[in-house]
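**Q** Take a look at the following structure, please.
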Amino acid sequence: MEIVWANGLEIAYRRVGEGPPLVLVHSAADDGRAWQPQLVALSDAFTVVAWDEPGAGGSSDLPPNFALADYAHCLAAFIEALALGPAHVAGLSWGGTVAQELYRHHPELVATLILVDTYAGWKGSLPEEEVRARVAGAREMLAAPPAEFDPRLPGLFAGDPPGEFVALLEEIAIGVRRSTLSAQLRVMAEADQRDLLPRIAVPTLLVWGELDARSPLSVARQFEQAIADATLVVIPGAGHVSQLEQPDLVNAAVREFCSAHAPR
């Protein structure tokens, strides 16, 4: 773990390897450890950097009223502080929404986008009734007493979590801050990035679990149709957290894509 200051916040991160920069942006109720298989497997060819976003892991608490653009600006400051840009930027789920917003505000820092089981915001990708149901479920979860608070969202895996990562997932869950998760889910429910998708002008890799129940393949098709230079790779047997369920297949897709689109 290392620390860097970005936009007045302490940001913890993991950095391994040498080569073209690959920045990994984790999902909600998560931190950079969720990218463990990618940090291990891709460090032979890339400088792989996984941040803990503000309010997660070893980073500073989330400032009040932090908006989606604030996450993007902080990620940009992080990339600039480590002199990584332009970088391959990969985002998982909520992290993919942050990565898209980074491109909106700071396209010069993004060589390619890698969007893994993500959304153009819930409002931008899901039916209205599904968004309402998720908001109601989030409110119930966040109102639970401390002893009963479980930040793990339903439907993340196609089956049981992979045995080799159960202990890691438990450690990550224990460290989730209720205030951070509340802000993440609020921002995600309100976000609608459909206007941005046709304006993405960098090569974009879409990595999707075949059995993703939270962001189904219909959402992947939305991205594929809207982004001019998009390539979709469907990961068989994987759900929403495909980078943990089928890491070898995800790593192979990312390696091939990034090797074919070297940052300038």
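Residue numbering restarts at 1 in every chain; chains get A, B, ... in the order shown in the structure tokens, and ligands count up from 1 in that same order.
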Write out as a PyMOL selection string all residues of segment 59-148 of chain A that backbone DSSP assigns to alpha helix (DSSP H).

**A** chain A and resi 68-81+94-105+122-125+128-142

**Q** Mind listing the strand (DSSP E or B) residues of segment 34-258 of chain A, per DSSP on the backbone, as a ChimeraX atom specification?

**A** /A:47-51,87-92,110-116,204-209,230-235

**Q** Segment 120-238 of chain A near segment 73-93 of chain A within 10 Å: what's each residue's closest atom pair and its distance in Å to one decimal, counting only C-alpha atoms, ordered by chain then ascending residue number, as CSV?

**A**
```
residue,atom,partner,partner_atom,distance
A:Ala120,CA,A:Ser93,CA,9.6
A:Gly121,CA,A:Ser93,CA,9.3
A:Met188,CA,A:Ser93,CA,10.0
A:Pro203,CA,A:His88,CA,9.7
A:Thr204,CA,A:His88,CA,9.6
A:Leu205,CA,A:Ala90,CA,8.9
A:Leu206,CA,A:Ala90,CA,9.7
A:Val207,CA,A:Leu92,CA,9.2
A:Trp208,CA,A:Leu92,CA,9.9
A:Arg214,CA,A:Ser93,CA,9.2
A:Ser215,CA,A:Ser93,CA,8.1
```

**Q** Give me a file of those residues, with C-alpha atoms, as a compact mmCIF listing (two decimals), in the first residue's frame.

**A**
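Here's the written file selection.txt:
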```txt
# COMPACT_ATOMS: atom_id res chain seq x y z
CA ALA A 120 -24.22 4.32 -17.72
CA GLY A 121 -25.55 5.01 -14.23
CA MET A 188 -25.42 5.72 -9.02
CA PRO A 203 -10.96 2.18 -28.07
CA THR A 204 -13.27 0.61 -25.52
CA LEU A 205 -13.34 -2.95 -24.26
CA LEU A 206 -16.59 -4.23 -22.76
CA VAL A 207 -16.09 -7.22 -20.47
CA TRP A 208 -19.35 -8.79 -19.31
CA ARG A 214 -27.22 -6.90 -11.88
CA SER A 215 -26.07 -5.46 -15.20
```

**Q** I'd like the interatomic distance between atom CA of Leu232 of chain A and atom CA of Leu156 of chain A, to a tenth of an Å.

**A**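 Computed distance, atom CA of Leu232 of chain A to atom CA of Leu156 of chain A, equals 20.0 Å.
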
**Q** My list of candidates is A:Ala29, A:Ala69, A:Ala6, A:Ala12. Which is closest to Ala191 of chain A when distances are computed with only C-alpha atoms?

**A**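 Among A:Ala29, A:Ala69, A:Ala6, A:Ala12, it is A:Ala69 that comes nearest to Ala191 of chain A.
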
**Q** If you measure from atom CA of His261 of chain A to atom CA of Ser218 of chain A, what distance in Å do you get, rounded to one decimal?

**A**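 Spanning atom CA of His261 of chain A to atom CA of Ser218 of chain A is a straight-line distance of 26.2 Å.
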
**Q** If we count only C-alpha atoms and set the cut-off at 7 Å, which residues sit around segment 179-185 of chain A, ignoring sequence neighbours fewer than 2 positions away in its own chain? Please answer as a list in words.

**A**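 The neighbour list is Ala28, Ala29, Gly55, Leu62, Arg177, Val187, Met188 and Ala189 of chain A.
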
**Q** If we count only C-alpha atoms, what is near Gln100 of chain A at a cut-off of 12 Å, once residues fewer than 4 positions away on the same chain are taken out, given as JSON, numbers by chain?

**A** {"A": [25, 68, 69, 71, 72, 73, 75, 76, 89, 90, 91, 92, 93, 94, 95, 96, 104, 105, 106, 107, 109, 110, 112, 113, 114, 115, 116, 118, 119, 120, 121, 191, 192, 193, 194, 195, 196, 197, 198, 199, 200, 201, 202, 204, 223, 227]}

**Q** Got time to write the residues from that selection, C-alpha atoms, as a PDB file, in the first residue's frame?

**A**
```pdb
ATOM      1  CA  VAL A  25     -11.225   1.468 -10.515  1.00  0.00           C
ATOM      2  CA  LEU A  68     -19.932  11.829  -9.562  1.00  0.00           C
ATOM      3  CA  ALA A  69     -17.850  14.630 -11.104  1.00  0.00           C
ATOM      4  CA  TYR A  71     -14.944  11.235  -8.071  1.00  0.00           C
ATOM      5  CA  ALA A  72     -13.804  11.829 -11.660  1.00  0.00           C
ATOM      6  CA  HIS A  73     -11.756  14.902 -10.771  1.00  0.00           C
ATOM      7  CA  LEU A  75      -9.278  10.109 -10.112  1.00  0.00           C
ATOM      8  CA  ALA A  76      -7.778  12.543 -12.616  1.00  0.00           C
ATOM      9  CA  VAL A  89      -8.531   2.859 -17.401  1.00  0.00           C
ATOM     10  CA  ALA A  90     -10.587  -0.137 -16.274  1.00  0.00           C
ATOM     11  CA  GLY A  91     -13.703   0.225 -14.145  1.00  0.00           C
ATOM     12  CA  LEU A  92     -15.852  -2.474 -12.562  1.00  0.00           C
ATOM     13  CA  SER A  93     -19.588  -1.801 -12.028  1.00  0.00           C
ATOM     14  CA  TRP A  94     -19.784   1.524 -10.152  1.00  0.00           C
ATOM     15  CA  GLY A  95     -16.098   1.966 -11.012  1.00  0.00           C
ATOM     16  CA  GLY A  96     -16.974   1.827 -14.690  1.00  0.00           C
ATOM     17  CA  ARG A 104     -16.125  13.141 -19.828  1.00  0.00           C
ATOM     18  CA  HIS A 105     -14.042  15.645 -17.896  1.00  0.00           C
ATOM     19  CA  HIS A 106     -10.454  14.554 -18.568  1.00  0.00           C
ATOM     20  CA  PRO A 107     -10.292  12.663 -21.877  1.00  0.00           C
ATOM     21  CA  LEU A 109      -5.809  11.098 -19.419  1.00  0.00           C
ATOM     22  CA  VAL A 110      -7.605   8.120 -20.992  1.00  0.00           C
ATOM     23  CA  THR A 112      -8.553   3.346 -23.638  1.00  0.00           C
ATOM     24  CA  LEU A 113     -11.553   2.412 -21.545  1.00  0.00           C
ATOM     25  CA  ILE A 114     -12.168  -1.066 -20.165  1.00  0.00           C
ATOM     26  CA  LEU A 115     -15.718  -1.275 -18.805  1.00  0.00           C
ATOM     27  CA  VAL A 116     -16.449  -4.389 -16.778  1.00  0.00           C
ATOM     28  CA  THR A 118     -20.956  -1.642 -15.555  1.00  0.00           C
ATOM     29  CA  TYR A 119     -23.711   0.912 -16.181  1.00  0.00           C
ATOM     30  CA  ALA A 120     -24.222   4.325 -17.716  1.00  0.00           C
ATOM     31  CA  GLY A 121     -25.549   5.013 -14.230  1.00  0.00           C
ATOM     32  CA  ALA A 191     -26.557   8.999 -12.841  1.00  0.00           C
ATOM     33  CA  ASP A 192     -27.471   8.922 -16.520  1.00  0.00           C
ATOM     34  CA  GLN A 193     -24.496   8.912 -18.900  1.00  0.00           C
ATOM     35  CA  ARG A 194     -26.299   7.980 -22.084  1.00  0.00           C
ATOM     36  CA  ASP A 195     -25.379  11.352 -23.577  1.00  0.00           C
ATOM     37  CA  LEU A 196     -21.687  10.538 -23.103  1.00  0.00           C
ATOM     38  CA  LEU A 197     -21.537   7.124 -24.754  1.00  0.00           C
ATOM     39  CA  PRO A 198     -21.659   8.287 -28.418  1.00  0.00           C
ATOM     40  CA  ARG A 199     -18.923  10.814 -27.635  1.00  0.00           C
ATOM     41  CA  ILE A 200     -16.410   8.246 -26.412  1.00  0.00           C
ATOM     42  CA  ALA A 201     -13.678   8.343 -29.041  1.00  0.00           C
ATOM     43  CA  VAL A 202     -11.092   5.953 -27.581  1.00  0.00           C
ATOM     44  CA  THR A 204     -13.272   0.613 -25.520  1.00  0.00           C
ATOM     45  CA  PHE A 223     -22.728   0.266 -24.746  1.00  0.00           C
ATOM     46  CA  ILE A 227     -19.717   3.601 -28.589  1.00  0.00           C
TER      47      ILE A 227
END
```

**Q** Could you name the residues that touch Ser259 of chain A at 9 Å or less, counting only C-alpha atoms, but leaving out those on the same chain fewer than 3 positions away, as a VMD selection string?

**A** chain A and resid 20 45 254 to 256 262
